[in-house]
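Below: model-v4.txt (compact mmCIF, C-alpha atoms)
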# COMPACT_ATOMS: atom_id res chain seq x y z
CA MET A 175 -15.55 9.67 10.98
CA ARG A 176 -15.76 8.03 14.41
CA GLY A 177 -18.64 5.90 13.16
CA LEU A 178 -16.52 4.71 10.24
CA THR A 179 -13.62 4.00 12.57
CA ARG A 180 -15.79 1.79 14.76
CA ALA A 181 -17.24 0.10 11.69
CA ALA A 182 -13.79 -0.57 10.25
CA LYS A 183 -12.68 -2.00 13.56
CA ARG A 184 -15.73 -4.25 13.56
CA ALA A 185 -14.89 -5.35 10.00
CA GLY A 186 -11.41 -6.29 11.15
CA GLU A 187 -12.85 -8.39 13.92
CA MET A 188 -15.41 -10.20 11.75
CA ALA A 189 -15.04 -13.93 11.55
CA PHE A 190 -13.56 -14.11 8.04
CA ASN A 191 -12.20 -17.56 8.75
CA ALA A 192 -12.63 -19.35 5.47
CA GLY A 193 -9.00 -20.34 5.84
CA GLY A 194 -9.72 -21.20 9.45
CA GLY A 195 -8.25 -20.37 12.81
CA ALA A 196 -6.06 -17.71 14.30
CA VAL A 197 -3.34 -16.02 12.30
CA ASN A 198 0.35 -16.54 13.09
CA TRP A 199 1.56 -13.35 11.42
CA PHE A 200 5.36 -13.77 11.59
CA PRO A 201 7.82 -16.44 12.69
CA GLY A 202 9.84 -15.75 15.84
CA HIS A 203 13.25 -15.83 14.15
CA MET A 204 12.64 -12.34 12.73
CA ALA A 205 13.35 -10.87 16.15
CA ALA A 206 17.06 -11.29 15.40
CA ALA A 207 16.73 -8.96 12.41
CA SER A 208 15.06 -6.34 14.60
CA ARG A 209 18.00 -6.45 17.01
CA ALA A 210 20.47 -5.95 14.14
CA ILE A 211 18.47 -2.96 12.93
CA ARG A 212 18.55 -1.39 16.39
CA ASP A 213 22.33 -1.80 16.52
CA ARG A 214 22.85 -0.11 13.16
CA LEU A 215 20.46 2.71 13.97
CA LYS A 216 22.96 3.88 16.57
CA LEU A 217 25.27 4.85 13.71
CA ALA A 218 22.71 6.83 11.73
CA ASP A 219 22.76 10.64 11.65
CA LEU A 220 19.29 10.62 10.08
CA VAL A 221 16.66 7.93 9.56
CA ILE A 222 14.23 7.74 6.66
CA GLU A 223 11.34 5.61 7.84
CA VAL A 224 9.49 4.33 4.78
CA ARG A 225 5.79 3.65 5.24
CA ASP A 226 2.97 2.73 2.87
CA ALA A 227 0.97 5.88 2.07
CA ARG A 228 -2.22 3.79 2.11
CA ILE A 229 -1.65 2.85 5.77
CA PRO A 230 0.45 5.66 7.30
CA LEU A 231 -0.01 4.35 10.86
CA SER A 232 -0.46 0.61 10.38
CA SER A 233 2.80 0.29 8.40
CA ALA A 234 4.89 1.57 11.32
CA ASN A 235 6.85 -0.63 13.67
CA GLU A 236 5.67 0.57 17.07
CA ASP A 237 8.42 -1.22 19.00
CA LEU A 238 11.01 0.83 17.13
CA GLN A 239 9.28 4.20 17.52
CA PRO A 240 11.01 5.19 20.81
CA VAL A 241 14.39 4.68 19.12
CA LEU A 242 13.36 6.51 15.93
CA SER A 243 11.78 9.46 17.72
CA ALA A 244 15.07 10.14 19.49
CA LYS A 245 16.86 10.65 16.15
CA ARG A 246 16.53 13.00 13.20
CA ARG A 247 13.83 11.33 11.19
CA ILE A 248 11.84 11.79 8.00
CA LEU A 249 8.68 9.80 7.34
CA ALA A 250 8.56 8.88 3.66
CA LEU A 251 5.01 7.87 2.74
CA ASN A 252 5.69 5.78 -0.34
CA LYS A 253 3.27 4.66 -3.07
CA LYS A 254 1.55 8.03 -3.06
CA ASP A 255 0.26 7.21 -6.54
CA LEU A 256 -1.95 4.54 -4.92
CA ALA A 257 -3.23 6.84 -2.15
CA ASN A 258 -6.11 9.31 -2.24
CA PRO A 259 -4.34 12.68 -2.77
CA ASN A 260 -6.91 14.75 -0.86
CA ILE A 261 -6.71 12.55 2.23
CA MET A 262 -2.93 12.33 1.79
CA ASN A 263 -2.65 16.10 2.24
CA ARG A 264 -4.55 15.82 5.50
CA TRP A 265 -2.16 13.14 6.70
CA LEU A 266 0.81 15.37 5.85
CA ASN A 267 -0.82 18.16 7.85
CA HIS A 268 -1.39 15.75 10.72
CA PHE A 269 2.27 14.76 10.91
CA GLU A 270 3.32 18.40 10.60
CA SER A 271 1.08 19.24 13.57
CA CYS A 272 2.89 16.48 15.48
CA LYS A 273 6.25 18.17 14.68
CA GLN A 274 7.22 15.18 12.54
CA ASP A 275 8.95 15.76 9.19
CA CYS A 276 7.01 13.92 6.51
CA ILE A 277 6.93 13.73 2.72
CA SER A 278 4.88 11.63 0.30
CA ILE A 279 6.87 9.95 -2.46
CA ASN A 280 6.78 7.55 -5.37
CA ALA A 281 9.93 5.42 -5.14
CA HIS A 282 9.82 4.74 -8.89
CA SER A 283 9.99 8.44 -9.74
CA SER A 284 13.48 9.99 -9.92
CA SER A 285 12.13 13.49 -9.31
CA SER A 286 10.24 12.30 -6.24
CA VAL A 287 13.27 10.51 -4.82
CA ASN A 288 15.50 13.51 -5.57
CA GLN A 289 13.06 15.65 -3.59
CA LEU A 290 13.35 13.24 -0.66
CA LEU A 291 17.16 13.26 -0.79
CA GLY A 292 17.22 17.06 -0.95
CA PHE A 293 14.99 17.18 2.11
CA ALA A 294 17.29 14.75 3.91
CA GLU A 295 20.40 16.81 3.09
CA LEU A 296 18.61 19.91 4.38
CA LYS A 297 17.79 18.18 7.66
CA LEU A 298 21.44 17.17 8.04
CA LYS A 299 22.79 20.73 7.76
CA GLU A 300 22.99 21.11 11.53
CA ALA A 301 25.25 18.05 11.72
CA ILE A 302 27.50 18.93 8.77
CA SER A 303 29.96 21.01 10.79
CA LYS A 304 30.49 18.18 13.25
CA GLU A 305 31.18 15.12 11.10
CA PRO A 306 33.12 14.55 7.84
CA THR A 307 30.90 11.58 6.97
CA LEU A 308 27.17 11.41 7.56
CA LEU A 309 24.95 8.36 7.39
CA ILE A 310 21.29 8.12 6.40
CA MET A 311 19.57 4.84 7.17
CA LEU A 312 16.39 3.50 5.58
CA VAL A 313 13.99 1.43 7.65
CA GLY A 314 10.61 0.01 6.80
CA VAL A 315 8.39 -3.05 7.15
CA PRO A 316 8.03 -5.47 4.20
CA ASN A 317 6.54 -4.27 0.91
CA VAL A 318 6.45 -0.54 1.64
CA GLY A 319 8.76 -0.07 -1.36
CA LYS A 320 12.08 0.19 0.44
CA SER A 321 13.88 -1.90 -2.18
CA ALA A 322 12.48 0.22 -5.00
CA LEU A 323 13.64 3.33 -3.13
CA ILE A 324 17.13 1.90 -2.64
CA ASN A 325 17.33 1.07 -6.35
CA SER A 326 16.30 4.61 -7.29
CA ILE A 327 18.85 6.05 -4.88
CA HIS A 328 21.51 3.80 -6.43
CA ARG A 329 20.72 5.16 -9.89
CA ILE A 330 20.79 8.75 -8.64
CA ALA A 331 24.06 8.18 -6.78
CA THR A 332 25.62 6.67 -9.90
CA SER A 333 24.59 9.68 -12.00
CA ARG A 334 25.91 12.25 -9.53
CA PHE A 335 29.55 11.19 -9.56
CA PRO A 336 32.12 10.42 -12.29
CA ALA A 337 33.26 6.84 -12.75
CA LYS A 338 36.45 7.32 -10.74
CA ASP A 339 34.44 8.44 -7.72
CA LYS A 340 31.85 5.67 -7.70
CA ASN A 341 32.76 4.29 -4.31
CA LYS A 342 29.49 3.05 -2.91
CA ARG A 343 30.74 1.66 0.38
CA ALA A 344 30.67 3.66 3.55
CA THR A 345 33.54 2.68 5.83
CA VAL A 346 32.10 3.09 9.29
CA GLY A 347 33.98 0.32 11.02
CA PRO A 348 32.70 -2.99 12.30
CA LEU A 349 29.79 -3.14 14.70
CA PRO A 350 29.88 -5.36 17.78
CA GLY A 351 29.50 -8.86 16.48
CA VAL A 352 29.67 -7.71 12.84
CA THR A 353 32.94 -8.12 10.95
CA GLN A 354 32.12 -6.54 7.59
CA ASP A 355 31.65 -2.89 6.63
CA ILE A 356 28.17 -1.62 5.84
CA ALA A 357 27.36 -1.12 2.16
CA GLY A 358 25.87 2.25 1.25
CA TYR A 359 25.32 4.66 -1.63
CA LYS A 360 27.08 8.01 -1.71
CA ILE A 361 24.74 10.89 -2.54
CA ALA A 362 26.84 13.96 -1.62
CA THR A 363 30.36 15.22 -0.92
CA GLN A 364 31.76 17.83 1.46
CA PRO A 365 30.64 16.27 3.68
CA SER A 366 30.22 12.76 2.33
CA ILE A 367 26.67 11.53 2.82
CA TYR A 368 25.81 7.86 2.43
CA VAL A 369 22.43 6.15 2.37
CA LEU A 370 22.43 2.74 4.04
CA ASP A 371 19.87 -0.01 3.79
CA THR A 372 18.78 -1.95 6.87
CA PRO A 373 19.73 -5.58 7.41
CA GLY A 374 17.09 -8.27 7.43
CA VAL A 375 13.36 -7.74 7.77
CA LEU A 376 11.70 -5.26 10.10
CA VAL A 377 8.61 -6.93 11.53
CA PRO A 378 5.45 -4.80 11.55
CA SER A 379 3.62 -4.27 14.81
CA ILE A 380 0.30 -6.12 14.69
CA PRO A 381 -1.65 -5.35 17.87
CA ASP A 382 -5.02 -6.48 16.47
CA MET A 383 -6.72 -8.24 13.58
CA GLU A 384 -7.67 -4.99 11.84
CA THR A 385 -4.06 -3.81 11.60
CA GLY A 386 -2.95 -7.23 10.45
CA LEU A 387 -5.55 -7.32 7.69
CA LYS A 388 -4.55 -3.85 6.46
CA LEU A 389 -0.93 -5.00 6.28
CA ALA A 390 -2.01 -8.15 4.46
CA LEU A 391 -4.17 -6.13 2.07
CA THR A 392 -1.20 -3.96 1.07
CA GLY A 393 1.16 -6.94 0.85
CA ALA A 394 3.28 -6.50 4.00
CA VAL A 395 2.08 -9.93 5.16
CA LYS A 396 2.10 -12.87 2.76
CA ASP A 397 -1.28 -13.91 1.41
CA SER A 398 -0.55 -17.51 2.37
CA VAL A 399 -0.35 -16.50 6.04
CA VAL A 400 -3.77 -14.87 6.19
CA GLY A 401 -5.63 -16.37 3.24
CA GLU A 402 -6.70 -14.52 0.10
CA GLU A 403 -10.38 -15.03 0.82
CA ARG A 404 -10.14 -13.46 4.26
CA ILE A 405 -8.21 -10.47 2.87
CA ALA A 406 -10.65 -9.95 -0.02
CA LYS A 407 -13.64 -10.10 2.33
CA TYR A 408 -12.00 -7.49 4.54
CA LEU A 409 -11.48 -5.25 1.51
CA LEU A 410 -15.14 -5.61 0.52
CA SER A 411 -16.22 -4.90 4.08
CA LEU A 412 -14.28 -1.63 4.02
CA PHE A 413 -15.76 -0.69 0.65
CA ASN A 414 -19.29 -1.33 1.90
CA ILE A 415 -18.90 0.31 5.31
CA LYS A 416 -17.46 3.46 3.73
CA LYS A 417 -20.06 3.30 0.92
CA THR A 418 -17.31 3.30 -1.70
CA PRO A 419 -19.52 1.57 -4.33
CA LEU A 420 -21.73 4.67 -4.46
CA HIS A 421 -18.81 6.54 -6.07
CA TRP A 422 -19.17 4.19 -9.05
CA GLU A 423 -22.92 4.68 -9.55
CA ARG A 424 -22.37 6.83 -12.63
CA LEU A 425 -20.89 3.78 -14.36
CA LEU A 426 -24.26 2.02 -14.22
CA HIS A 427 -25.81 4.69 -16.44
CA ARG A 428 -23.13 4.13 -19.08
CA LYS A 429 -23.74 0.38 -19.19
CA GLU A 430 -26.37 0.44 -21.94
CA GLU A 431 -24.31 2.73 -24.18
CA TRP A 432 -21.22 0.56 -23.65
CA CYS A 433 -23.10 -2.64 -24.56
CA GLU A 434 -24.50 -1.09 -27.73
CA GLU A 435 -20.99 -0.07 -28.78
CA ILE A 436 -19.64 -3.59 -28.28
CA CYS A 437 -22.57 -5.21 -30.10
CA SER A 438 -22.15 -2.83 -33.01
CA SER A 439 -18.44 -3.61 -33.20
CA ASN A 440 -19.12 -7.33 -33.19
CA LYS A 441 -21.60 -7.03 -36.06
CA LYS A 442 -19.13 -5.09 -38.18
CA ASP A 443 -16.20 -7.33 -37.54
CA ASN A 444 -16.11 -10.09 -34.96
CA SER A 445 -12.29 -10.04 -35.03
CA LEU A 446 -12.23 -6.44 -33.83
CA ARG A 447 -13.02 -7.46 -30.25
CA ARG A 448 -10.41 -10.20 -30.29
CA THR A 449 -7.81 -7.75 -31.59
CA ARG A 450 -8.78 -5.32 -28.87
CA LEU A 451 -8.27 -7.94 -26.18
CA ASN A 452 -5.06 -9.36 -27.56
CA ASN A 453 -3.27 -6.16 -28.58
CA SER A 454 -4.46 -3.67 -25.97
CA ASP A 455 -4.14 -5.03 -22.46
CA ALA A 456 -4.70 -1.56 -21.03
CA VAL A 457 -8.13 -1.28 -22.68
CA TYR A 458 -9.07 -4.78 -21.58
CA VAL A 459 -8.03 -4.15 -17.97
CA GLN A 460 -9.96 -0.88 -17.88
CA ASP A 461 -13.06 -2.66 -19.21
CA LEU A 462 -12.61 -5.29 -16.51
CA VAL A 463 -12.17 -2.69 -13.77
CA THR A 464 -15.31 -0.89 -14.91
CA GLU A 465 -17.28 -4.12 -14.79
CA VAL A 466 -15.97 -4.89 -11.29
CA GLN A 467 -16.97 -1.44 -10.08
CA ARG A 468 -20.43 -1.79 -11.67
CA ALA A 469 -20.94 -5.20 -10.05
CA LEU A 470 -20.01 -3.93 -6.60
CA CYS A 471 -22.19 -0.84 -6.98
CA ARG A 472 -25.18 -2.77 -8.33
CA THR A 473 -25.15 -5.34 -5.51
CA PHE A 474 -24.69 -2.58 -2.91
CA LEU A 475 -27.67 -0.59 -4.24
CA ASN A 476 -29.89 -3.68 -4.54
CA PHE A 477 -29.09 -4.97 -1.06
CA THR A 478 -31.99 -4.40 1.33
CA GLY A 479 -30.30 -5.57 4.51
CA ASN A 480 -28.62 -3.53 7.25
CA ILE A 481 -24.83 -3.52 6.79
CA GLU A 482 -24.49 -2.34 10.39
CA GLU A 483 -25.35 -5.94 11.31
CA GLU A 484 -22.34 -8.22 10.96
CA SER A 485 -24.26 -11.19 9.58
CA GLU A 486 -26.00 -9.06 6.96
CA LEU A 487 -22.74 -7.41 5.92
CA GLU A 488 -21.29 -10.88 5.37
CA THR A 489 -24.33 -11.76 3.27
CA LEU A 490 -23.73 -8.71 1.06
CA ILE A 491 -20.06 -9.64 0.69
CA ASP A 492 -20.98 -13.18 -0.39
CA MET A 493 -23.39 -11.75 -2.96
CA GLN A 494 -20.64 -9.47 -4.30
CA LEU A 495 -18.22 -12.38 -4.60
CA VAL A 496 -20.78 -14.29 -6.65
CA GLU A 497 -21.16 -11.31 -9.01
CA LEU A 498 -17.40 -10.86 -9.26
CA ARG A 499 -17.00 -14.52 -10.20
CA LYS A 500 -19.20 -13.82 -13.23
CA VAL A 501 -17.24 -10.67 -14.12
CA PHE A 502 -13.94 -12.57 -13.93
CA ARG A 503 -15.46 -15.42 -15.97
CA ILE A 504 -14.45 -18.03 -13.43
CA PRO A 505 -16.14 -21.38 -14.28
CA HIS A 506 -19.17 -22.15 -12.15
CA LYS A 507 -18.33 -24.46 -9.26
CA PRO A 508 -19.47 -24.77 -5.65
CA PHE A 509 -19.21 -21.34 -3.99
CA ASP A 510 -16.31 -22.27 -1.69
CA GLU A 511 -14.22 -23.39 -4.67
CA THR A 512 -14.64 -20.13 -6.60
CA GLN A 513 -13.95 -17.72 -3.72
CA GLY A 514 -10.18 -18.25 -3.93
CA PRO A 515 -9.70 -17.35 -7.63
CA THR A 516 -12.20 -14.50 -7.34
CA SER A 517 -10.44 -13.10 -4.29
CA LYS A 518 -7.04 -13.31 -5.96
CA LYS A 519 -8.19 -11.31 -9.00
CA LEU A 520 -9.89 -8.67 -6.84
CA LEU A 521 -6.78 -8.20 -4.70
CA THR A 522 -4.61 -7.85 -7.81
CA LEU A 523 -6.78 -5.00 -9.08
CA PHE A 524 -6.78 -3.25 -5.70
CA ARG A 525 -3.04 -3.54 -5.09
CA SER A 526 -2.19 -2.21 -8.53
CA GLY A 527 -4.37 0.84 -7.95
CA LYS A 528 -6.81 -0.06 -10.74
CA LEU A 529 -9.84 0.29 -8.47
CA GLY A 530 -8.75 3.77 -7.47
CA PRO A 531 -6.55 5.49 -4.88
CA PHE A 532 -7.33 4.66 -1.25
CA ILE A 533 -6.06 5.34 2.27
CA LEU A 534 -7.20 2.65 4.67
CA ASP A 535 -6.10 4.19 7.96
CA ASP A 536 -8.36 6.79 9.57
CA LEU A 537 -6.88 10.05 10.77
CA PRO A 538 -6.58 10.18 14.58
CA ASP A 539 -9.34 12.02 16.42
CA GLY A 540 -8.81 15.77 16.29
CA SER A 541 -6.93 15.62 12.98
CA GLU A 542 -10.00 16.00 10.77
CA LYS A 543 -10.15 19.43 9.13
Taking this structure as input, can you express it in the form of structure tokens?
Amino acid sequence: MRGLTRAAKRAGEMAFNAGGGAVNWFPGHMAAASRAIRDRLKLADLVIEVRDARIPLSSANEDLQPVLSAKRRILALNKKDLANPNIMNRWLNHFESCKQDCISINAHSSSSVNQLLGFAELKLKEAISKEPTLLIMLVGVPNVGKSALINSIHRIATSRFPAKDKNKRATVGPLPGVTQDIAGYKIATQPSIYVLDTPGVLVPSIPDMETGLKLALTGAVKDSVVGEERIAKYLLSLFNIKKTPLHWERLLHRKEEWCEEICSSNKKDNSLRRTRLNNSDAVYVQDLVTEVQRALCRTFLNFTGNIEEESELETLIDMQLVELRKVFRIPHKPFDETQGPTSKKLLTLFRSGKLGPFILDDLPDGSEK
């Protein structure tokens, strides 16, 4: 795994500068939001730190870790449906070995969120005898699914209490420099437990290009900041370095059978294919995904260069982008003009989980079992 770690780091440092120049990840004014979050954390009896399950380390805010580690804390690795379940279990074991409470969740699943809330209430038992009102605060960098989690908690809170008891505001008094109360959702009584959202945007820690590209790849950094082409090339570099296309080799052997089926359908009724495309988006998308996976696998297997060499890895990536342009049926234009649309479509498939479940962060040394 160390070899892959070094290779991934090299991929992050490659000169994917089609957009040009250094990256200014976040504007300075977001520092004010971080200060507000620190102030409110002082009130929390327990913190749920939401991270992206695909990047369990890169989606943390390192500057805030000293504050969080001093409090009762649960790491909620969200979007577990997009993460490799086998590797996810190893990450959970890693955090357990570090004496850190951790749970993987899907913020869109009521049962998953209920499990998280039950875990949080259990962790608060030691504080129940001391306080009549307990506060749980959610923190997380952009696009880890914190808003989806808050919405699910809102629905659960609404279902737990009768209409007359639907008071969703926790009265904790004004903070220094803050005149209004903090809005929260009540999830339990005796004692009353409220879940509070954090104000503003928590800025991710981006110590290097590799971390920044992982955050961009999962959507925590806007595509316009980094450039879709740069992000897509980084994704392809990871696929190639980790030999991911080899997992799709079996699809190449089904190509001939698949083509014969389509040709046969077209001969019987040319409208059948159009109906399939128009009325069954799921089938069309799966066909598209399969073709993308075949294209990446085919170019990987046919490539005779050494992907350990940066220039040759970039050559392979350019070849794959050309093949993907054909799969996506993007009109033929000069290569530079087609990279953008091709990159956008590839990123959409990856972020929606269509290409498969992935975890981009490597387990720390000593955690492999």
Checklist entry - Of the candidates A:Pro538, A:Lys528, A:Gly358, A:Thr307, which one gets nearest to Ala257 of chain A if we count all atoms listed in the file? => result A:Lys528
Next on the checklist: Measuring between all atoms listed in the file, which one of A:Leu523, A:Leu220, A:Val463, A:Leu290 shows the shortest distance to Lys245 of chain A?
Outcome noted: A:Leu220
Next on the checklist: List as a list in words the residues having at least one atom at most 8 Å from position (8.9, -1.2, 14.4) as given in the file, counting all atoms listed in the file.
Outcome noted: Ala234, Asn235, Glu236, Asp237, Leu238, Gln239, Gly314, Val315, Leu376, Val377, Pro378 and Ser379 of chain A
Next on the checklist: Need to verify the contact set: Leu249 of chain A, 6 Å, only C-alpha atoms, exclusion of same-chain residues closer than 6 positions in sequence. Can you return it as an MDAnalysis selection string?
Outcome noted: chainID A and resid 222:223 276
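Of the listed residues (A:Ile279, A:Ala406, A:Ile248, A:Val400), A:Ile248 comes nearest to Leu312 of chain A; the distances count only C-alpha atoms.
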